[in-house]
>>> print(open('run.cif').read())   # mmCIF, C-alpha atoms
data_model
#
loop_
_atom_site.label_atom_id
_atom_site.label_comp_id
_atom_site.auth_asym_id
_atom_site.auth_seq_id
_atom_site.Cartn_x
_atom_site.Cartn_y
_atom_site.Cartn_z
CA MET R 1 3.40 -29.21 -4.06
CA ARG R 2 4.82 -31.17 -6.98
CA CYS R 3 5.90 -29.71 -10.33
CA ARG R 4 2.99 -31.35 -12.15
CA ALA R 5 0.40 -29.80 -9.83
CA ALA R 6 2.07 -26.39 -10.03
CA ARG R 7 2.14 -26.44 -13.82
CA ARG R 8 -1.49 -27.47 -13.95
CA MET R 9 -2.26 -24.21 -12.18
CA MET R 10 0.14 -22.14 -14.25
CA SER R 11 -2.45 -20.57 -16.56
CA ARG R 12 -4.76 -19.52 -13.73
CA TYR R 13 -1.79 -18.34 -11.67
CA LEU R 14 -0.46 -16.12 -14.46
CA ASP R 15 -3.92 -14.75 -15.26
CA GLY R 16 -4.64 -13.89 -11.64
CA GLU R 17 -7.48 -16.44 -11.45
CA LEU R 18 -6.12 -18.52 -8.56
CA PRO R 19 -7.51 -18.14 -5.02
CA GLU R 20 -5.03 -16.67 -2.57
CA THR R 21 -4.39 -19.92 -0.66
CA ARG R 22 -3.49 -21.84 -3.81
CA ARG R 23 -1.49 -18.93 -5.09
CA SER R 24 0.62 -19.03 -1.93
CA SER R 25 1.21 -22.76 -2.44
CA VAL R 26 2.41 -22.15 -6.00
CA ASP R 27 4.63 -19.30 -4.80
CA GLN R 28 6.21 -21.64 -2.25
CA HIS R 29 6.89 -24.22 -4.95
CA LEU R 30 8.36 -21.65 -7.33
CA GLY R 31 10.65 -20.47 -4.54
CA CYS R 32 12.35 -23.84 -4.43
CA CYS R 33 11.98 -25.14 -8.05
CA PRO R 34 14.14 -23.35 -10.65
CA GLU R 35 12.70 -25.42 -13.55
CA CYS R 36 9.12 -24.41 -12.80
CA ARG R 37 10.20 -20.84 -12.10
CA SER R 38 11.83 -20.70 -15.53
CA GLU R 39 8.77 -22.26 -17.20
CA PHE R 40 6.37 -19.85 -15.49
CA ALA R 41 8.54 -16.86 -16.43
CA ALA R 42 8.72 -17.99 -20.09
CA GLN R 43 4.94 -18.37 -20.24
CA ASP R 44 4.47 -14.97 -18.65
CA ARG R 45 6.74 -13.39 -21.26
CA LEU R 46 4.85 -15.19 -24.02
CA TRP R 47 1.52 -13.79 -22.73
CA ASN R 48 2.99 -10.30 -22.67
CA LEU R 49 4.38 -10.77 -26.16
CA LEU R 50 0.86 -11.56 -27.40
CA GLY R 51 -0.28 -8.26 -25.92
CA LYS R 52 2.11 -6.46 -28.28
CA ALA R 53 -0.17 -7.20 -31.23
CA ALA R 54 -1.92 -3.92 -31.92
CA PRO R 55 -5.73 -3.85 -32.12
CA ALA R 56 -7.25 -3.41 -35.55
CA PRO R 57 -9.11 -0.21 -36.44
CA SER R 58 -12.81 -0.92 -36.53
CA PRO R 59 -14.99 0.03 -39.49
CA ASP R 60 -18.35 1.71 -38.88
CA VAL R 61 -20.77 -1.14 -39.55
CA PHE R 62 -24.02 0.59 -38.64
CA ALA R 63 -25.04 1.57 -42.18
CA ALA R 64 -24.47 -2.02 -43.35
CA VAL R 65 -26.40 -3.44 -40.39
CA GLU R 66 -29.25 -1.05 -41.15
CA ALA R 67 -29.24 -2.17 -44.80
CA ARG R 68 -29.31 -5.84 -43.76
CA LEU R 69 -32.24 -5.25 -41.44
CA SER R 70 -34.11 -3.41 -44.19
CA GLU R 71 -33.56 -6.37 -46.54
CA ARG R 72 -35.37 -8.67 -44.12
CA PRO R 73 -39.07 -7.79 -43.96
CA GLY R 74 -40.52 -7.34 -40.54
CA LEU R 75 -37.25 -6.66 -38.80
CA LEU R 76 -36.97 -2.93 -39.17
CA SER R 77 -40.22 -1.92 -40.77
CA ALA R 78 -42.04 -2.14 -37.46
CA PHE R 79 -40.34 0.99 -36.24
CA SER R 80 -38.75 2.48 -39.33
CA TRP R 81 -40.84 5.59 -38.82
CA LEU R 82 -38.78 6.24 -35.68
CA ARG R 83 -35.71 7.05 -37.75
CA PRO R 84 -34.76 10.66 -37.07
CA ARG R 85 -34.67 11.56 -40.75
CA HIS R 86 -38.29 10.34 -41.10
CA PHE R 87 -39.66 12.42 -38.25
CA GLY R 88 -40.71 15.24 -40.64
CA TYR R 89 -42.62 12.87 -42.92
CA ALA R 90 -44.22 11.14 -39.94
CA ALA R 91 -45.33 14.46 -38.44
CA ALA R 92 -46.77 15.67 -41.76
CA ALA R 93 -48.63 12.37 -42.23
CA ALA R 94 -50.01 12.58 -38.68
CA ILE R 95 -51.28 16.14 -39.29
CA LEU R 96 -52.99 15.11 -42.55
CA VAL R 97 -54.60 12.10 -40.92
CA GLY R 98 -55.72 14.25 -38.01
CA LEU R 99 -57.28 16.83 -40.35
CA ALA R 100 -59.04 14.08 -42.30
CA ILE R 101 -60.46 12.62 -39.10
CA LEU R 102 -61.57 16.02 -37.84
CA SER R 103 -63.31 16.87 -41.12
CA GLY R 104 -64.98 13.43 -41.09
CA VAL R 105 -66.17 13.94 -37.54
CA TRP R 106 -67.49 17.42 -38.38
CA ALA R 107 -69.41 16.11 -41.43
CA GLY R 108 -70.72 13.21 -39.40
CA THR R 109 -71.89 15.57 -36.67
CA GLU R 110 -73.79 17.64 -39.24
CA ARG R 111 -75.52 14.53 -40.59
CA TYR R 112 -76.17 13.25 -37.09
CA SER R 113 -77.80 16.54 -36.13
CA ALA R 114 -80.11 16.33 -39.14
CA ASN R 115 -80.96 12.67 -38.40
CA ALA R 116 -81.40 13.49 -34.76
CA GLY R 117 -83.99 16.08 -35.70
CA GLU R 118 -85.91 13.50 -37.74
CA LYS R 119 -85.70 11.03 -34.90
CA ASP R 120 -86.79 13.68 -32.48
CA GLY R 121 -89.81 14.23 -34.67
CA THR R 122 -90.57 10.51 -34.75
CA PHE R 123 -90.11 10.24 -31.04
CA ALA R 124 -92.32 13.25 -30.44
CA GLU R 125 -94.97 11.79 -32.74
CA LEU R 126 -94.80 8.42 -31.01
CA THR R 127 -94.92 9.89 -27.59
CA THR R 128 -97.70 12.19 -28.65
CA ASN R 129 -99.66 9.32 -30.20
CA ALA R 130 -98.81 6.88 -27.51
CA PRO R 131 -101.75 5.27 -25.81
CA PRO R 132 -102.24 6.31 -22.25
CA GLY R 133 -100.18 4.30 -19.79
CA MET R 134 -97.57 3.18 -22.38
CA GLU R 135 -94.12 3.18 -20.84
CA ILE R 136 -91.44 5.35 -22.31
CA ALA R 137 -89.11 2.33 -22.37
CA SER R 138 -91.36 0.37 -24.67
CA ILE R 139 -91.65 3.35 -27.00
CA LEU R 140 -87.86 3.63 -27.19
CA GLU R 141 -87.65 -0.11 -27.89
CA GLU R 142 -90.09 0.27 -30.70
CA ILE R 143 -87.94 2.85 -32.47
CA GLY R 144 -84.71 0.99 -31.73
CA GLU R 145 -83.33 3.53 -29.24
CA ARG R 146 -82.91 1.44 -26.13
CA PRO R 147 -81.80 3.54 -23.16
CA MET E 1 -21.21 3.10 -8.03
CA THR E 2 -18.31 1.72 -10.07
CA GLU E 3 -17.66 2.52 -13.71
CA ARG E 4 -18.31 -1.11 -14.62
CA THR E 5 -21.68 -1.06 -12.86
CA THR E 6 -22.64 2.15 -14.60
CA THR E 7 -21.74 0.69 -18.00
CA ALA E 8 -23.69 -2.48 -17.21
CA GLU E 9 -26.75 -0.44 -16.24
CA GLN E 10 -26.47 1.72 -19.35
CA ASP E 11 -26.13 -1.42 -21.45
CA ALA E 12 -29.18 -2.99 -19.83
CA ASP E 13 -31.18 0.17 -20.56
CA ILE E 14 -29.93 0.27 -24.17
CA ILE E 15 -30.83 -3.36 -24.80
CA ARG E 16 -34.26 -2.94 -23.19
CA ARG E 17 -34.99 0.03 -25.43
CA THR E 18 -33.62 -1.80 -28.46
CA GLY E 19 -35.91 -4.71 -27.68
CA ALA E 20 -38.83 -2.28 -27.58
CA GLY E 21 -37.92 -1.03 -31.05
CA ASP E 22 -35.93 2.10 -30.16
CA TYR E 23 -33.76 2.68 -33.18
CA VAL E 24 -31.60 5.34 -31.49
CA ALA E 25 -30.76 2.90 -28.68
CA PHE E 26 -29.83 0.23 -31.22
CA ARG E 27 -27.47 2.65 -32.92
CA ALA E 28 -25.83 3.39 -29.55
CA LEU E 29 -25.40 -0.35 -28.99
CA VAL E 30 -23.69 -0.80 -32.36
CA GLU E 31 -21.42 2.20 -31.85
CA ARG E 32 -20.41 1.03 -28.39
CA TYR E 33 -19.56 -2.56 -29.31
CA GLN E 34 -18.56 -2.61 -32.97
CA GLY E 35 -14.88 -1.96 -32.09
CA PRO E 36 -14.38 -4.74 -29.53
CA LEU E 37 -16.45 -7.22 -31.57
CA TYR E 38 -14.60 -6.44 -34.79
CA THR E 39 -11.17 -6.83 -33.13
CA PHE E 40 -12.25 -10.14 -31.60
CA VAL E 41 -13.76 -11.53 -34.79
CA LEU E 42 -10.83 -10.37 -36.92
CA ARG E 43 -8.43 -12.22 -34.63
CA MET E 44 -10.60 -15.29 -35.09
CA VAL E 45 -11.01 -15.25 -38.87
CA LEU E 46 -8.04 -13.07 -39.94
CA ARG E 47 -9.78 -11.68 -43.01
CA PRO E 48 -11.01 -8.10 -42.63
CA PRO E 49 -13.92 -8.38 -45.13
CA VAL E 50 -15.12 -11.64 -43.54
CA ALA E 51 -14.75 -10.16 -40.05
CA GLU E 52 -16.76 -7.09 -41.03
CA GLU E 53 -19.54 -9.22 -42.49
CA LEU E 54 -19.69 -11.44 -39.40
CA VAL E 55 -19.88 -8.41 -37.09
CA GLN E 56 -22.76 -7.05 -39.16
CA GLU E 57 -24.54 -10.38 -38.90
CA ALA E 58 -23.89 -10.49 -35.14
CA PHE E 59 -25.65 -7.14 -34.72
CA VAL E 60 -28.55 -8.21 -36.94
CA ARG E 61 -28.99 -11.29 -34.73
CA ALA E 62 -28.64 -9.20 -31.59
CA PHE E 63 -31.37 -6.87 -32.83
CA ARG E 64 -33.70 -9.78 -33.53
CA ALA E 65 -32.98 -11.38 -30.16
CA ALA E 66 -33.10 -8.15 -28.11
CA PRO E 67 -36.80 -8.48 -27.12
CA ARG E 68 -35.96 -11.89 -25.62
CA TYR E 69 -32.76 -10.77 -23.83
CA LYS E 70 -32.60 -11.92 -20.21
CA PRO E 71 -30.03 -10.34 -17.90
CA THR E 72 -28.45 -13.66 -16.87
CA ALA E 73 -25.25 -12.41 -18.51
CA SER E 74 -23.99 -8.91 -19.20
CA VAL E 75 -24.86 -7.33 -22.55
CA SER E 76 -21.16 -7.42 -23.44
CA THR E 77 -20.94 -11.18 -22.76
CA TRP E 78 -24.19 -11.76 -24.67
CA LEU E 79 -22.89 -9.89 -27.74
CA PHE E 80 -19.52 -11.67 -27.62
CA HIS E 81 -21.40 -14.96 -27.35
CA ILE E 82 -23.32 -14.21 -30.56
CA ALA E 83 -20.15 -13.06 -32.36
CA ALA E 84 -18.11 -16.01 -31.05
CA ARG E 85 -20.54 -18.56 -32.48
CA LEU E 86 -20.37 -16.94 -35.89
CA ALA E 87 -16.58 -16.52 -35.77
CA MET E 88 -15.89 -20.06 -34.55
CA ASN E 89 -18.14 -21.55 -37.22
CA GLU E 90 -16.26 -19.61 -39.87
CA ALA E 91 -12.88 -20.48 -38.33
CA ALA E 92 -13.87 -24.17 -38.17
CA ARG E 93 -14.98 -24.11 -41.84
CA ALA E 94 -11.63 -22.59 -42.82
CA HIS E 95 -9.85 -25.15 -40.63
CA HIS E 96 -11.65 -28.07 -42.34
CA ARG E 97 -10.89 -26.63 -45.76
CA HIS E 98 -7.22 -26.55 -44.64
CA GLU E 99 -7.02 -22.95 -45.71
CA VAL E 100 -3.62 -21.43 -45.11
CA THR E 101 -4.42 -17.94 -43.94
CA ARG E 102 -2.08 -15.37 -45.34
CA ASP E 103 -4.54 -12.51 -45.46
CA VAL E 104 -3.24 -11.24 -42.14
CA PRO E 105 -4.63 -7.78 -41.44
CA ASP E 106 -2.38 -4.79 -41.38
CA PHE E 107 -2.63 -3.81 -37.74
CA PRO E 108 -1.65 -0.22 -37.09
CA ALA E 109 1.51 0.49 -35.17
CA GLU E 110 1.64 2.87 -32.24
CA THR E 111 5.37 3.46 -32.52
CA ARG E 112 7.34 6.50 -33.62
CA SER E 113 10.11 5.64 -36.06
CA PRO E 114 9.64 3.77 -39.36
CA LEU E 115 11.91 1.00 -38.06
CA GLU E 116 9.86 0.60 -34.90
CA GLU E 117 6.69 0.69 -36.97
CA PHE E 118 8.04 -2.05 -39.21
CA GLU E 119 9.04 -4.15 -36.20
CA GLN E 120 5.62 -3.68 -34.62
CA LYS E 121 3.84 -4.72 -37.81
CA GLU E 122 6.12 -7.72 -38.21
CA LEU E 123 5.56 -8.76 -34.59
CA SER E 124 1.80 -8.36 -34.96
CA ARG E 125 1.88 -10.43 -38.15
CA ILE E 126 3.83 -13.25 -36.49
CA ILE E 127 1.51 -13.26 -33.46
CA GLU E 128 -1.61 -13.30 -35.62
CA GLU E 129 -0.23 -16.16 -37.71
CA ALA E 130 0.59 -18.10 -34.55
CA LEU E 131 -2.96 -17.55 -33.28
CA ALA E 132 -4.32 -18.73 -36.63
CA GLN E 133 -2.71 -22.13 -36.07
CA LEU E 134 -4.69 -22.76 -32.89
CA PRO E 135 -7.97 -24.70 -33.05
CA PRO E 136 -10.90 -22.22 -33.10
CA GLN E 137 -12.03 -22.75 -29.50
CA GLN E 138 -8.50 -22.34 -28.11
CA ARG E 139 -8.02 -19.28 -30.29
CA ALA E 140 -11.24 -17.75 -29.00
CA ALA E 141 -10.23 -18.43 -25.39
CA VAL E 142 -6.85 -16.74 -25.92
CA VAL E 143 -8.33 -13.71 -27.67
CA LEU E 144 -11.01 -13.22 -25.00
CA ALA E 145 -8.73 -13.84 -22.00
CA ARG E 146 -5.63 -12.08 -23.26
CA PHE E 147 -6.80 -9.33 -25.58
CA GLU E 148 -10.24 -8.60 -24.12
CA GLU E 149 -8.94 -9.34 -20.60
CA MET E 150 -12.10 -11.22 -19.70
CA PRO E 151 -12.15 -13.28 -16.49
CA TYR E 152 -12.38 -17.05 -17.05
CA ARG E 153 -15.99 -17.00 -15.85
CA GLU E 154 -16.96 -14.57 -18.64
CA VAL E 155 -14.93 -16.49 -21.23
CA GLY E 156 -16.80 -19.62 -20.19
CA LYS E 157 -20.15 -17.89 -20.69
CA VAL E 158 -19.15 -16.62 -24.12
CA LEU E 159 -17.92 -20.05 -25.24
CA ASP E 160 -20.60 -22.09 -23.42
CA VAL E 161 -18.04 -24.04 -21.39
CA SER E 162 -17.07 -24.28 -17.72
CA GLU E 163 -14.30 -22.28 -16.07
CA GLY E 164 -12.30 -25.48 -15.80
CA ALA E 165 -12.64 -26.03 -19.53
CA VAL E 166 -11.44 -22.47 -20.18
CA ASP E 167 -8.39 -23.21 -18.05
CA GLY E 168 -7.70 -26.36 -20.10
CA LEU E 169 -8.12 -24.51 -23.39
CA LEU E 170 -5.71 -21.79 -22.31
CA GLN E 171 -3.11 -24.24 -21.04
CA ARG E 172 -3.06 -26.12 -24.33
CA ALA E 173 -3.04 -22.87 -26.29
CA ARG E 174 -0.10 -21.54 -24.28
CA GLN E 175 1.92 -24.68 -24.98
CA THR E 176 1.17 -24.52 -28.72
CA LEU E 177 1.94 -20.81 -28.95
CA ALA E 178 5.21 -21.25 -27.05
CA ARG E 179 6.25 -23.91 -29.56
CA ILE E 180 5.22 -21.87 -32.62
CA LEU E 181 6.67 -18.56 -31.46
CA GLY E 182 9.76 -20.30 -30.08
CA SER E 183 10.48 -21.87 -33.46
CA ALA E 184 10.02 -18.41 -35.03
CA GLY E 185 12.77 -17.10 -32.78
CA PHE E 186 10.54 -15.42 -30.21
CA HIS E 187 10.92 -16.38 -26.61
CA GLY E 188 8.83 -13.62 -25.13
CA ASP E 189 11.80 -11.40 -24.33
CA ALA E 190 10.05 -8.21 -25.46
CA GLY E 191 9.48 -7.07 -21.91
CA SER E 192 6.92 -7.83 -19.23
CA THR E 193 5.18 -4.58 -18.61
CA GLU E 194 1.55 -5.76 -18.57
CA LYS E 195 1.65 -8.99 -16.65
CA ARG E 196 -1.20 -10.03 -14.41
CA GLY E 197 -0.07 -11.85 -11.27
CA ALA E 198 3.22 -12.96 -12.75
CA PRO E 199 5.86 -14.65 -10.58
#
>>> encode(input="run.cif", output="structure tokens")
Amino acid sequence: MRCRAARRMMSRYLDGELPETRRSSVDQHLGCCPECRSEFAAQDRLWNLLGKAAPAPSPDVFAAVEARLSERPGLLSAFSWLRPRHFGYAAAAAILVGLAILSGVWAGTERYSANAGEKDGTFAELTTNAPPGMEIASILEEIGERP
Amino acid sequence: MTERTTTAEQDADIIRRTGAGDYVAFRALVERYQGPLYTFVLRMVLRPPVAEELVQEAFVRAFRAAPRYKPTASVSTWLFHIAARLAMNEAARAHHRHEVTRDVPDFPAETRSPLEEFEQKELSRIIEEALAQLPPQQRAAVVLARFEEMPYREVGKVLDVSEGAVDGLLQRARQTLARILGSAGFHGDAGSTEKRGAP
């Protein structure tokens, strides 16, 4: 292997990205080329020097992200009720809606019962006054109560 | 099951739930990745307020894109990809404006004595300034490969380039950094305790 080829592989060699066969070839070259050996060692030290830069402390960005999402309609509103601090409000709203529906159903049932009685009367009258041989189905059709 | 696999599976679950509108999962995603993303973006743009804003924007975009996430890349790579695009655009804008970055962040030192702390801060400052002189794509490749210790394949996915291109970016970056740090009196003689496959 020539110096040029070895140095082309230097980055991958130092970062452990070279397949074993090529790595062996570079090792062989480094064993007999002091210039390349020196260059590889300098680059390795440089890479390690970069690692001495300490990582920065990270700020907590969640509140700001949340605010940004709230600023853009449609992004967060779809599930904003899922926020833990809104669970109480959501539960209270659900109970109120449930009670409203139940009271509506109850009132509707009362009215329906009254109407049903009237209809029963109509039906009874029709069936009573029905000419002989008239089918029940045609009577129901007449009063709009198709089976 | 390896730790990496477990993390990948947890991430996949978190992103699936985020995509379905699970706010708690989204919070977990932010808390898990805000540190690595902020460190990466800060090393790209070198201004803490700008870095913080870009990380926020990256998470907003991730939230919007979560329902369409496809597991062709890991969640980590996907998030870095979003952040890298924002950071490189900002770095390129600064580069075209010929801004001389002097707002180098005050990285904390993990040393004991005040002298060592000063030396660590000074070293970090010089390294960050050297990185700032690299073109944005080379800078991103160095930060991802060296600081985030990503394999070239992952770096390529984050930067939308091939593994060969990553290799080229890193080779050119190494040459430039050697010149800059060499002229600043550093020849990498601070010890070689963390090398990967060194000769």
>>> atom_distance(input="run.cif", atom1="CA of Asn89 in chain E", atom2="CA of Glu31 in chain E")
24.6 Å
>>> residues_around(input="run.cif", residues="His29 in chain R", least_positions_apart="4", cutoff="12 Å", atoms="only C-alpha atoms", output="list of chain:residue names")
R:Met1, R:Arg2, R:Cys3, R:Arg4, R:Ala5, R:Ala6, R:Arg7, R:Met9, R:Met10, R:Arg22, R:Arg23, R:Ser24, R:Ser25, R:Cys33, R:Pro34, R:Glu35, R:Cys36, R:Arg37, R:Phe40, E:Pro199
>>> closest_residue(input="run.cif", among="E:Val30, E:Leu54, E:Met88, E:Val45", to="chain R", atoms="all atoms listed in the file")
E:Val30
>>> interface_residues(input="run.cif", of="chain R", to="chain E", cutoff="7 Å", atoms="only C-alpha atoms", output="list in words")
Ser11, Arg12, Tyr13, Leu14, Asp15, Gly16, Ala41, Ala42, Asp44, Arg45, Leu46, Asn48, Leu49, Leu50, Gly51, Lys52, Ala53, Ala54, Pro55, Ala56, Ser58, Val61, Phe62, Ala64, Val65, Leu69, Phe79, Leu82 and Arg83 of chain R
>>> atom_distance(input="run.cif", atom1="CA of Arg139 in chain E", atom2="CA of Arg179 in chain E")
15.0 Å
>>> build_atoms(input="run.cif", residues="range 62-88 of chain E", atoms="N, CA and C atoms", output="compact mmCIF listing (two decimals), keeping the file's coordinate frame")
# COMPACT_ATOMS: atom_id res chain seq x y z
N ALA E 62 -28.42 -9.83 -32.90
CA ALA E 62 -28.64 -9.20 -31.59
C ALA E 62 -29.93 -8.38 -31.62
N PHE E 63 -30.16 -7.68 -32.71
CA PHE E 63 -31.37 -6.87 -32.83
C PHE E 63 -32.62 -7.75 -32.78
N ARG E 64 -32.55 -8.87 -33.50
CA ARG E 64 -33.70 -9.78 -33.53
C ARG E 64 -33.95 -10.41 -32.16
N ALA E 65 -32.84 -10.69 -31.45
CA ALA E 65 -32.98 -11.38 -30.16
C ALA E 65 -33.20 -10.43 -29.00
N ALA E 66 -33.03 -9.13 -29.21
CA ALA E 66 -33.10 -8.15 -28.11
C ALA E 66 -34.40 -8.23 -27.30
N PRO E 67 -35.57 -8.41 -27.94
CA PRO E 67 -36.80 -8.48 -27.12
C PRO E 67 -36.79 -9.67 -26.16
N ARG E 68 -35.98 -10.69 -26.47
CA ARG E 68 -35.96 -11.89 -25.62
C ARG E 68 -34.76 -11.91 -24.68
N TYR E 69 -33.96 -10.82 -24.67
CA TYR E 69 -32.76 -10.77 -23.83
C TYR E 69 -33.12 -10.88 -22.36
N LYS E 70 -32.41 -11.79 -21.66
CA LYS E 70 -32.60 -11.92 -20.21
C LYS E 70 -31.27 -11.60 -19.54
N PRO E 71 -31.30 -10.80 -18.49
CA PRO E 71 -30.03 -10.34 -17.90
C PRO E 71 -29.31 -11.40 -17.07
N THR E 72 -29.23 -12.63 -17.57
CA THR E 72 -28.45 -13.66 -16.87
C THR E 72 -26.96 -13.47 -17.14
N ALA E 73 -26.64 -12.77 -18.22
CA ALA E 73 -25.25 -12.41 -18.51
C ALA E 73 -25.24 -10.94 -18.90
N SER E 74 -24.06 -10.32 -18.82
CA SER E 74 -23.99 -8.91 -19.20
C SER E 74 -24.24 -8.78 -20.71
N VAL E 75 -24.61 -7.57 -21.13
CA VAL E 75 -24.86 -7.33 -22.55
C VAL E 75 -23.58 -7.61 -23.35
N SER E 76 -22.45 -7.20 -22.78
CA SER E 76 -21.16 -7.42 -23.44
C SER E 76 -20.93 -8.92 -23.68
N THR E 77 -21.12 -9.73 -22.64
CA THR E 77 -20.94 -11.18 -22.76
C THR E 77 -21.90 -11.76 -23.79
N TRP E 78 -23.13 -11.29 -23.75
CA TRP E 78 -24.19 -11.76 -24.67
C TRP E 78 -23.78 -11.48 -26.13
N LEU E 79 -23.29 -10.25 -26.37
CA LEU E 79 -22.89 -9.89 -27.74
C LEU E 79 -21.67 -10.71 -28.18
N PHE E 80 -20.69 -10.86 -27.29
CA PHE E 80 -19.52 -11.67 -27.62
C PHE E 80 -19.92 -13.12 -27.89
N HIS E 81 -20.91 -13.59 -27.15
CA HIS E 81 -21.40 -14.96 -27.35
C HIS E 81 -21.95 -15.13 -28.78
N ILE E 82 -22.76 -14.16 -29.20
CA ILE E 82 -23.32 -14.21 -30.56
C ILE E 82 -22.19 -14.16 -31.60
N ALA E 83 -21.26 -13.22 -31.40
CA ALA E 83 -20.15 -13.06 -32.36
C ALA E 83 -19.23 -14.28 -32.35
N ALA E 84 -19.02 -14.86 -31.16
CA ALA E 84 -18.11 -16.01 -31.05
C ALA E 84 -18.65 -17.21 -31.82
N ARG E 85 -19.95 -17.42 -31.75
CA ARG E 85 -20.54 -18.56 -32.48
C ARG E 85 -20.32 -18.40 -33.97
N LEU E 86 -20.56 -17.19 -34.46
CA LEU E 86 -20.37 -16.94 -35.89
C LEU E 86 -18.89 -17.10 -36.28
N ALA E 87 -18.02 -16.50 -35.45
CA ALA E 87 -16.58 -16.52 -35.77
C ALA E 87 -16.01 -17.93 -35.69
N MET E 88 -16.44 -18.70 -34.69
CA MET E 88 -15.89 -20.06 -34.55
C MET E 88 -16.39 -20.97 -35.66
